[in-house]
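For reference, upload_4.pdb (PDB, C-alpha atoms and all ligand atoms):
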```pdb
ATOM      1  CA  MET A   1      10.518  16.420   4.029  1.00  0.00           C
ATOM      2  CA  SER A   2       9.741  12.850   5.090  1.00  0.00           C
ATOM      3  CA  GLY A   3      12.211  10.139   6.151  1.00  0.00           C
ATOM      4  CA  ASN A   4      13.807   7.532   3.955  1.00  0.00           C
ATOM      5  CA  GLN A   5      11.371   4.612   4.234  1.00  0.00           C
ATOM      6  CA  THR A   6       7.742   4.016   3.425  1.00  0.00           C
ATOM      7  CA  PHE A   7       5.447   1.015   3.302  1.00  0.00           C
ATOM      8  CA  THR A   8       3.120  -0.136   0.541  1.00  0.00           C
ATOM      9  CA  ILE A   9       0.539  -2.810  -0.215  1.00  0.00           C
ATOM     10  CA  ILE A  10      -0.433  -3.906  -3.707  1.00  0.00           C
ATOM     11  CA  LYS A  11      -4.119  -4.666  -3.087  1.00  0.00           C
ATOM     12  CA  PRO A  12      -6.035  -7.853  -3.986  1.00  0.00           C
ATOM     13  CA  VAL A  13      -7.578  -6.662  -7.241  1.00  0.00           C
ATOM     14  CA  ALA A  14      -4.219  -5.455  -8.592  1.00  0.00           C
ATOM     15  CA  VAL A  15      -2.615  -8.802  -7.655  1.00  0.00           C
ATOM     16  CA  LYS A  16      -5.494 -10.661  -9.321  1.00  0.00           C
ATOM     17  CA  ASN A  17      -5.144  -8.549 -12.481  1.00  0.00           C
ATOM     18  CA  ASN A  18      -1.441  -9.460 -12.712  1.00  0.00           C
ATOM     19  CA  TYR A  19      -0.192  -5.927 -12.003  1.00  0.00           C
ATOM     20  CA  ILE A  20       2.495  -6.849  -9.432  1.00  0.00           C
ATOM     21  CA  GLY A  21       5.315  -6.603 -11.995  1.00  0.00           C
ATOM     22  CA  PRO A  22       4.242  -3.332 -13.654  1.00  0.00           C
ATOM     23  CA  ILE A  23       3.599  -1.633 -10.304  1.00  0.00           C
ATOM     24  CA  LEU A  24       6.967  -2.739  -8.838  1.00  0.00           C
ATOM     25  CA  LYS A  25       8.641  -1.526 -12.052  1.00  0.00           C
ATOM     26  CA  MET A  26       7.102   1.940 -11.602  1.00  0.00           C
ATOM     27  CA  ILE A  27       8.258   1.928  -7.973  1.00  0.00           C
ATOM     28  CA  ASN A  28      11.824   0.991  -8.971  1.00  0.00           C
ATOM     29  CA  GLU A  29      11.882   3.542 -11.787  1.00  0.00           C
ATOM     30  CA  ALA A  30      10.827   6.233  -9.313  1.00  0.00           C
ATOM     31  CA  GLY A  31      14.075   5.555  -7.436  1.00  0.00           C
ATOM     32  CA  TYR A  32      12.915   3.274  -4.627  1.00  0.00           C
ATOM     33  CA  THR A  33      14.933   0.324  -3.383  1.00  0.00           C
ATOM     34  CA  ILE A  34      12.773  -2.582  -2.216  1.00  0.00           C
ATOM     35  CA  LYS A  35      14.000  -3.409   1.305  1.00  0.00           C
ATOM     36  CA  ALA A  36      11.410  -6.122   2.066  1.00  0.00           C
ATOM     37  CA  LEU A  37       8.780  -7.887  -0.049  1.00  0.00           C
ATOM     38  CA  LYS A  38       6.195 -10.635   0.419  1.00  0.00           C
ATOM     39  CA  ILE A  39       3.019 -12.040  -1.088  1.00  0.00           C
ATOM     40  CA  THR A  40       0.628 -12.702   1.761  1.00  0.00           C
ATOM     41  CA  HIS A  41      -3.012 -12.796   2.732  1.00  0.00           C
ATOM     42  CA  LEU A  42      -4.821 -10.847   5.453  1.00  0.00           C
ATOM     43  CA  THR A  43      -7.560 -12.490   7.479  1.00  0.00           C
ATOM     44  CA  LYS A  44     -10.554 -10.247   8.111  1.00  0.00           C
ATOM     45  CA  ASN A  45      -9.361  -9.700  11.701  1.00  0.00           C
ATOM     46  CA  LYS A  46      -5.860  -8.776  10.577  1.00  0.00           C
ATOM     47  CA  ALA A  47      -7.302  -6.344   7.990  1.00  0.00           C
ATOM     48  CA  MET A  48      -9.401  -4.753  10.747  1.00  0.00           C
ATOM     49  CA  GLU A  49      -6.279  -4.442  12.919  1.00  0.00           C
ATOM     50  CA  PHE A  50      -4.201  -2.939  10.094  1.00  0.00           C
ATOM     51  CA  TYR A  51      -6.890  -0.361   9.211  1.00  0.00           C
ATOM     52  CA  ASN A  52      -7.903   0.251  12.842  1.00  0.00           C
ATOM     53  CA  VAL A  53      -7.531   4.012  12.343  1.00  0.00           C
ATOM     54  CA  HIS A  54     -10.579   3.847  10.000  1.00  0.00           C
ATOM     55  CA  ALA A  55     -12.761   1.784  12.401  1.00  0.00           C
ATOM     56  CA  GLY A  56     -16.235   3.271  12.592  1.00  0.00           C
ATOM     57  CA  LYS A  57     -16.055   4.974   9.197  1.00  0.00           C
ATOM     58  CA  PRO A  58     -18.778   4.085   6.686  1.00  0.00           C
ATOM     59  CA  PHE A  59     -16.308   2.351   4.345  1.00  0.00           C
ATOM     60  CA  PHE A  60     -14.572   0.269   7.058  1.00  0.00           C
ATOM     61  CA  GLU A  61     -16.555  -2.926   6.466  1.00  0.00           C
ATOM     62  CA  ASP A  62     -16.079  -2.806   2.673  1.00  0.00           C
ATOM     63  CA  LEU A  63     -12.409  -1.885   3.023  1.00  0.00           C
ATOM     64  CA  THR A  64     -11.546  -4.717   5.397  1.00  0.00           C
ATOM     65  CA  SER A  65     -13.627  -7.285   3.466  1.00  0.00           C
ATOM     66  CA  PHE A  66     -11.899  -6.278   0.259  1.00  0.00           C
ATOM     67  CA  MET A  67      -8.418  -6.279   1.794  1.00  0.00           C
ATOM     68  CA  SER A  68      -8.972  -9.817   3.109  1.00  0.00           C
ATOM     69  CA  SER A  69     -10.535 -11.057  -0.156  1.00  0.00           C
ATOM     70  CA  GLY A  70      -7.317 -12.197  -1.845  1.00  0.00           C
ATOM     71  CA  HIS A  71      -3.560 -12.134  -1.852  1.00  0.00           C
ATOM     72  CA  ILE A  72      -1.658  -8.892  -1.432  1.00  0.00           C
ATOM     73  CA  VAL A  73       1.957  -7.810  -1.834  1.00  0.00           C
ATOM     74  CA  ALA A  74       3.492  -5.949   1.108  1.00  0.00           C
ATOM     75  CA  ALA A  75       6.754  -4.040   0.714  1.00  0.00           C
ATOM     76  CA  ILE A  76       9.108  -1.662   2.494  1.00  0.00           C
ATOM     77  CA  LEU A  77      10.565   0.954   0.158  1.00  0.00           C
ATOM     78  CA  GLU A  78      13.599   3.180   0.606  1.00  0.00           C
ATOM     79  CA  LYS A  79      14.522   6.496  -0.950  1.00  0.00           C
ATOM     80  CA  GLU A  80      15.036  10.067   0.218  1.00  0.00           C
ATOM     81  CA  ASN A  81      11.694  11.737   1.136  1.00  0.00           C
ATOM     82  CA  ALA A  82      10.048   8.300   0.793  1.00  0.00           C
ATOM     83  CA  VAL A  83       6.554   8.904   2.238  1.00  0.00           C
ATOM     84  CA  ASP A  84       5.826  12.203   0.477  1.00  0.00           C
ATOM     85  CA  ASP A  85       7.260  11.162  -2.894  1.00  0.00           C
ATOM     86  CA  PHE A  86       5.423   7.827  -2.784  1.00  0.00           C
ATOM     87  CA  ARG A  87       2.100   9.551  -2.215  1.00  0.00           C
ATOM     88  CA  LYS A  88       2.796  11.646  -5.310  1.00  0.00           C
ATOM     89  CA  LEU A  89       3.734   8.507  -7.266  1.00  0.00           C
ATOM     90  CA  ILE A  90       0.512   6.687  -6.356  1.00  0.00           C
ATOM     91  CA  GLY A  91      -1.820   9.696  -6.743  1.00  0.00           C
ATOM     92  CA  ALA A  92      -5.087  10.571  -5.003  1.00  0.00           C
ATOM     93  CA  THR A  93      -7.039   7.945  -3.022  1.00  0.00           C
ATOM     94  CA  ASP A  94      -9.868   8.299  -5.538  1.00  0.00           C
ATOM     95  CA  PRO A  95      -8.436   7.274  -8.935  1.00  0.00           C
ATOM     96  CA  ALA A  96     -10.886   9.612 -10.674  1.00  0.00           C
ATOM     97  CA  LYS A  97      -8.995  12.471  -9.004  1.00  0.00           C
ATOM     98  CA  ALA A  98      -5.506  11.003  -9.441  1.00  0.00           C
ATOM     99  CA  GLU A  99      -3.069  12.751 -11.768  1.00  0.00           C
ATOM    100  CA  GLU A 100      -2.182  11.230 -15.136  1.00  0.00           C
ATOM    101  CA  GLY A 101       0.769   8.837 -14.920  1.00  0.00           C
ATOM    102  CA  THR A 102       0.232   7.923 -11.269  1.00  0.00           C
ATOM    103  CA  ILE A 103      -0.089   4.281 -10.189  1.00  0.00           C
ATOM    104  CA  ARG A 104      -3.704   4.696  -9.120  1.00  0.00           C
ATOM    105  CA  LYS A 105      -4.649   6.538 -12.310  1.00  0.00           C
ATOM    106  CA  ILE A 106      -3.247   3.662 -14.364  1.00  0.00           C
ATOM    107  CA  TYR A 107      -4.158   0.602 -12.251  1.00  0.00           C
ATOM    108  CA  ALA A 108      -6.984   1.502  -9.825  1.00  0.00           C
ATOM    109  CA  GLU A 109     -10.644   0.769 -10.442  1.00  0.00           C
ATOM    110  CA  SER A 110     -12.323   2.794  -7.698  1.00  0.00           C
ATOM    111  CA  MET A 111     -11.807   4.429  -4.312  1.00  0.00           C
ATOM    112  CA  SER A 112     -11.928   1.096  -2.484  1.00  0.00           C
ATOM    113  CA  HIS A 113     -10.259  -0.905  -5.277  1.00  0.00           C
ATOM    114  CA  ASN A 114      -7.498   1.661  -5.592  1.00  0.00           C
ATOM    115  CA  ALA A 115      -4.609  -0.698  -6.455  1.00  0.00           C
ATOM    116  CA  VAL A 116      -2.125   0.351  -3.772  1.00  0.00           C
ATOM    117  CA  HIS A 117      -1.833   1.590  -0.227  1.00  0.00           C
ATOM    118  CA  GLY A 118       0.905   3.990   0.842  1.00  0.00           C
ATOM    119  CA  SER A 119       1.803   5.154   4.357  1.00  0.00           C
ATOM    120  CA  ASP A 120       0.662   8.687   5.176  1.00  0.00           C
ATOM    121  CA  SER A 121       3.456   9.561   7.634  1.00  0.00           C
ATOM    122  CA  ASP A 122       6.899   8.406   8.786  1.00  0.00           C
ATOM    123  CA  GLU A 123       5.361   7.191  12.038  1.00  0.00           C
ATOM    124  CA  ASN A 124       2.771   5.062  10.229  1.00  0.00           C
ATOM    125  CA  ALA A 125       5.407   3.765   7.804  1.00  0.00           C
ATOM    126  CA  VAL A 126       7.250   2.263  10.792  1.00  0.00           C
ATOM    127  CA  ILE A 127       4.076   0.869  12.389  1.00  0.00           C
ATOM    128  CA  GLU A 128       2.853  -0.638   9.096  1.00  0.00           C
ATOM    129  CA  SER A 129       6.274  -2.080   8.188  1.00  0.00           C
ATOM    130  CA  ASP A 130       6.505  -3.721  11.622  1.00  0.00           C
ATOM    131  CA  PHE A 131       2.990  -5.126  11.182  1.00  0.00           C
ATOM    132  CA  PHE A 132       4.147  -7.223   8.206  1.00  0.00           C
ATOM    133  CA  PHE A 133       7.902  -7.733   8.506  1.00  0.00           C
ATOM    134  CA  SER A 134      10.299  -9.083  11.112  1.00  0.00           C
ATOM    135  CA  LYS A 135      13.915  -7.851  11.233  1.00  0.00           C
ATOM    136  CA  MET A 136      15.024 -11.046   9.467  1.00  0.00           C
ATOM    137  CA  GLU A 137      12.724 -10.315   6.521  1.00  0.00           C
ATOM    138  CA  ARG A 138      14.279  -6.972   5.593  1.00  0.00           C
ATOM    139  CA  TYR A 139      17.716  -5.590   4.903  1.00  0.00           C
TER
HETATM  140  P1  LIG B   1      -5.557   3.250   1.556  1.00  0.00           P
HETATM  141  O1  LIG B   1      -4.431   4.111   1.110  1.00  0.00           O
HETATM  142  O2  LIG B   1      -5.352   1.791   1.614  1.00  0.00           O
HETATM  143  O3  LIG B   1      -6.046   3.760   2.992  1.00  0.00           O
HETATM  144  C1  LIG B   1      -7.353   3.576   3.455  1.00  0.00           C
HETATM  145  C2  LIG B   1      -8.273   3.108   2.379  1.00  0.00           C
HETATM  146  O4  LIG B   1      -9.637   3.314   2.646  1.00  0.00           O
HETATM  147  C3  LIG B   1      -8.011   3.905   1.129  1.00  0.00           C
HETATM  148  O5  LIG B   1      -6.791   3.534   0.567  1.00  0.00           O
HETATM  149  C4  LIG B   1      -9.242   3.582   0.307  1.00  0.00           C
HETATM  150  O6  LIG B   1      -9.119   2.357  -0.383  1.00  0.00           O
HETATM  151  C5  LIG B   1     -10.277   3.447   1.391  1.00  0.00           C
HETATM  152  N1  LIG B   1     -11.107   4.638   1.459  1.00  0.00           N
HETATM  153  C6  LIG B   1     -10.779   5.838   1.935  1.00  0.00           C
HETATM  154  N2  LIG B   1     -11.810   6.687   1.848  1.00  0.00           N
HETATM  155  C7  LIG B   1     -12.816   5.983   1.322  1.00  0.00           C
HETATM  156  C8  LIG B   1     -14.140   6.304   0.983  1.00  0.00           C
HETATM  157  N3  LIG B   1     -14.630   7.523   1.205  1.00  0.00           N
HETATM  158  N4  LIG B   1     -14.874   5.338   0.425  1.00  0.00           N
HETATM  159  C9  LIG B   1     -14.372   4.095   0.235  1.00  0.00           C
HETATM  160  N5  LIG B   1     -13.113   3.737   0.545  1.00  0.00           N
HETATM  161  C10 LIG B   1     -12.346   4.678   1.070  1.00  0.00           C
END
```
Translate the structure described by the file into structure tokens.
Amino acid sequence: MSGNQTFTIIKPVAVKNNYIGPILKMINEAGYTIKALKITHLTKNKAMEFYNVHAGKPFFEDLTSFMSSGHIVAAILEKENAVDDFRKLIGATDPAKAEEGTIRKIYAESMSHNAVHGSDSDENAVIESDFFFSKMERY
């Protein structure tokens, strides 16, 4: 069982396609309270810092170029078992493998344009939340 907070990003293509509202609605309906929320933009360097764990992987350049290509929505979400349940809600990284009804199945276009990011552990949820939000920007 994971802790009670996770972190998400609605990625540039989903923002561009006007999916912020529908995706946040699915998140709310799954029982999450939004504890922090902002529309922002990552520079290429900031995207490389955020995804540092993937540095050196073949998709790193594409991933960080894409993530710095447009506006994103960053959010901290709260609910019991937040990390594990959110990963179920968003579905597999590759939308072709995501279960029906998941956010990625509905809104993602491809593995790299996969609509949303979700933290993979409690530890990373804290690190990623702190990357985007100060104490004053959350409740
Ligand atoms: P995300 O949850 O944001 O975490 C890392 C991202 O890297 C992932 O979603 C995908 O968008 C991307 N990614 C992971 N594996 C691959 C891959 N094999 N090819 C392309 N992109 C990938």
* To do: Decode the PyMOL selection byres (((chain A and resi 117) around 12) and not hetatm) for the given file into explicit residues and return them as number ranges by chain.
  => A: 6-12, 14, 23, 50-51, 63, 67, 72-76, 83, 86-87, 89-94, 103-104, 108, 111-116, 118-120, 124-125, 128
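Coordinates place CA of Ala98 (chain A) at a distance of 19.1 Å from CA of Lys25 (chain A).
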* For ligand LIG 1 (chain B), the nearest of the candidates A:Gly21, A:Pro95, A:Gly31, A:Gly101, counting all atoms listed in the file -> A:Pro95
On this file, the PyMOL selection byres (((chain A and resi 133-136) around 10) and not hetatm) gives some set of residues; write that set as an mmCIF file with C-alpha atoms, keeping the file's coordinate frame.
```cif
data_model
loop_
_atom_site.group_PDB
_atom_site.id
_atom_site.type_symbol
_atom_site.label_atom_id
_atom_site.label_comp_id
_atom_site.auth_asym_id
_atom_site.auth_seq_id
_atom_site.Cartn_x
_atom_site.Cartn_y
_atom_site.Cartn_z
ATOM 1 C CA ALA A 36 11.410 -6.122 2.066
ATOM 2 C CA LEU A 37 8.780 -7.887 -0.049
ATOM 3 C CA LYS A 38 6.195 -10.635 0.419
ATOM 4 C CA ALA A 74 3.492 -5.949 1.108
ATOM 5 C CA ALA A 75 6.754 -4.040 0.714
ATOM 6 C CA ILE A 76 9.108 -1.662 2.494
ATOM 7 C CA GLU A 128 2.853 -0.638 9.096
ATOM 8 C CA SER A 129 6.274 -2.080 8.188
ATOM 9 C CA ASP A 130 6.505 -3.721 11.622
ATOM 10 C CA PHE A 131 2.990 -5.126 11.182
ATOM 11 C CA PHE A 132 4.147 -7.223 8.206
ATOM 12 C CA GLU A 137 12.724 -10.315 6.521
ATOM 13 C CA ARG A 138 14.279 -6.972 5.593
ATOM 14 C CA TYR A 139 17.716 -5.590 4.903
#
```
* To do: List the residues sitting within 9 Å of (8.5, 10.0, -1.6) in the file's frame, using all atoms listed in the file, as a list in words.
  =>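 Those within range, by chain then number, are Met1, Ser2, Gly3, Asn4, Gln5, Thr6, Ala30, Tyr32, Glu78, Lys79, Glu80, Asn81, Ala82, Val83, Asp84, Asp85, Phe86, Arg87, Lys88 and Leu89 of chain A.
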* To do: Return the single residue from A:Met26, A:Ile34, A:Val13, A:Leu77 that is closest to ligand LIG 1 (chain B), with distances computed using only C-alpha atoms and all ligand atoms.
  =>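 Using only C-alpha atoms and all ligand atoms, ligand LIG 1 (chain B) sits closest to A:Val13.
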* **For CA of Thr33 (chain A) and CA of Asn17 (chain A), the interatomic separation in Å (one decimal)** =>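 That distance, rounded to one decimal, is 23.8 Å.
Going from CA of Ala47 (chain A) to CA of Leu24 (chain A) covers 22.4 Å.
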Box for ligand LIG 1 (chain B): with edges along x, y and z, all listed atoms inside and 5 Å added on each side, what are the centre and edge lengths in Å to one decimal, as AutoDock Vina command-line options?
```
--center_x -9.7 --center_y 4.7 --center_z 1.5 --size_x 20.4 --size_y 15.7 --size_z 13.8
```
* Identify which of the residues A:Gly70, A:Ile127, A:Glu99, A:Lys57 lies closest to ligand LIG 1 (chain B), counting only C-alpha atoms and all ligand atoms when measuring atom-to-atom distances. =>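 Of all the options, A:Lys57 lies closest to ligand LIG 1 (chain B).
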I would like the residues chosen by the PyMOL selection byres (((chain A and resi 61) around 12) and not hetatm) on the shown file; could you give them as an mmCIF file with C-alpha atoms, in the coordinates of the input?
```
data_model
loop_
_atom_site.group_PDB
_atom_site.id
_atom_site.type_symbol
_atom_site.label_atom_id
_atom_site.label_comp_id
_atom_site.auth_asym_id
_atom_site.auth_seq_id
_atom_site.Cartn_x
_atom_site.Cartn_y
_atom_site.Cartn_z
ATOM 1 C CA LYS A 44 -10.554 -10.247 8.111
ATOM 2 C CA ASN A 45 -9.361 -9.700 11.701
ATOM 3 C CA ALA A 47 -7.302 -6.344 7.990
ATOM 4 C CA MET A 48 -9.401 -4.753 10.747
ATOM 5 C CA TYR A 51 -6.890 -0.361 9.211
ATOM 6 C CA ASN A 52 -7.903 0.251 12.842
ATOM 7 C CA HIS A 54 -10.579 3.847 10.000
ATOM 8 C CA ALA A 55 -12.761 1.784 12.401
ATOM 9 C CA GLY A 56 -16.235 3.271 12.592
ATOM 10 C CA LYS A 57 -16.055 4.974 9.197
ATOM 11 C CA PRO A 58 -18.778 4.085 6.686
ATOM 12 C CA PHE A 59 -16.308 2.351 4.345
ATOM 13 C CA PHE A 60 -14.572 0.269 7.058
ATOM 14 C CA ASP A 62 -16.079 -2.806 2.673
ATOM 15 C CA LEU A 63 -12.409 -1.885 3.023
ATOM 16 C CA THR A 64 -11.546 -4.717 5.397
ATOM 17 C CA SER A 65 -13.627 -7.285 3.466
ATOM 18 C CA PHE A 66 -11.899 -6.278 0.259
ATOM 19 C CA MET A 67 -8.418 -6.279 1.794
ATOM 20 C CA SER A 68 -8.972 -9.817 3.109
ATOM 21 C CA SER A 112 -11.928 1.096 -2.484
#
```
* Asked: From the list A:Val126, A:Ile106, A:Ala96, A:Val53, which residue is nearest ligand LIG 1 (chain B) when using all atoms listed in the file?
  ->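 Answer, going by the shortest atom-to-atom distance: A:Val53.
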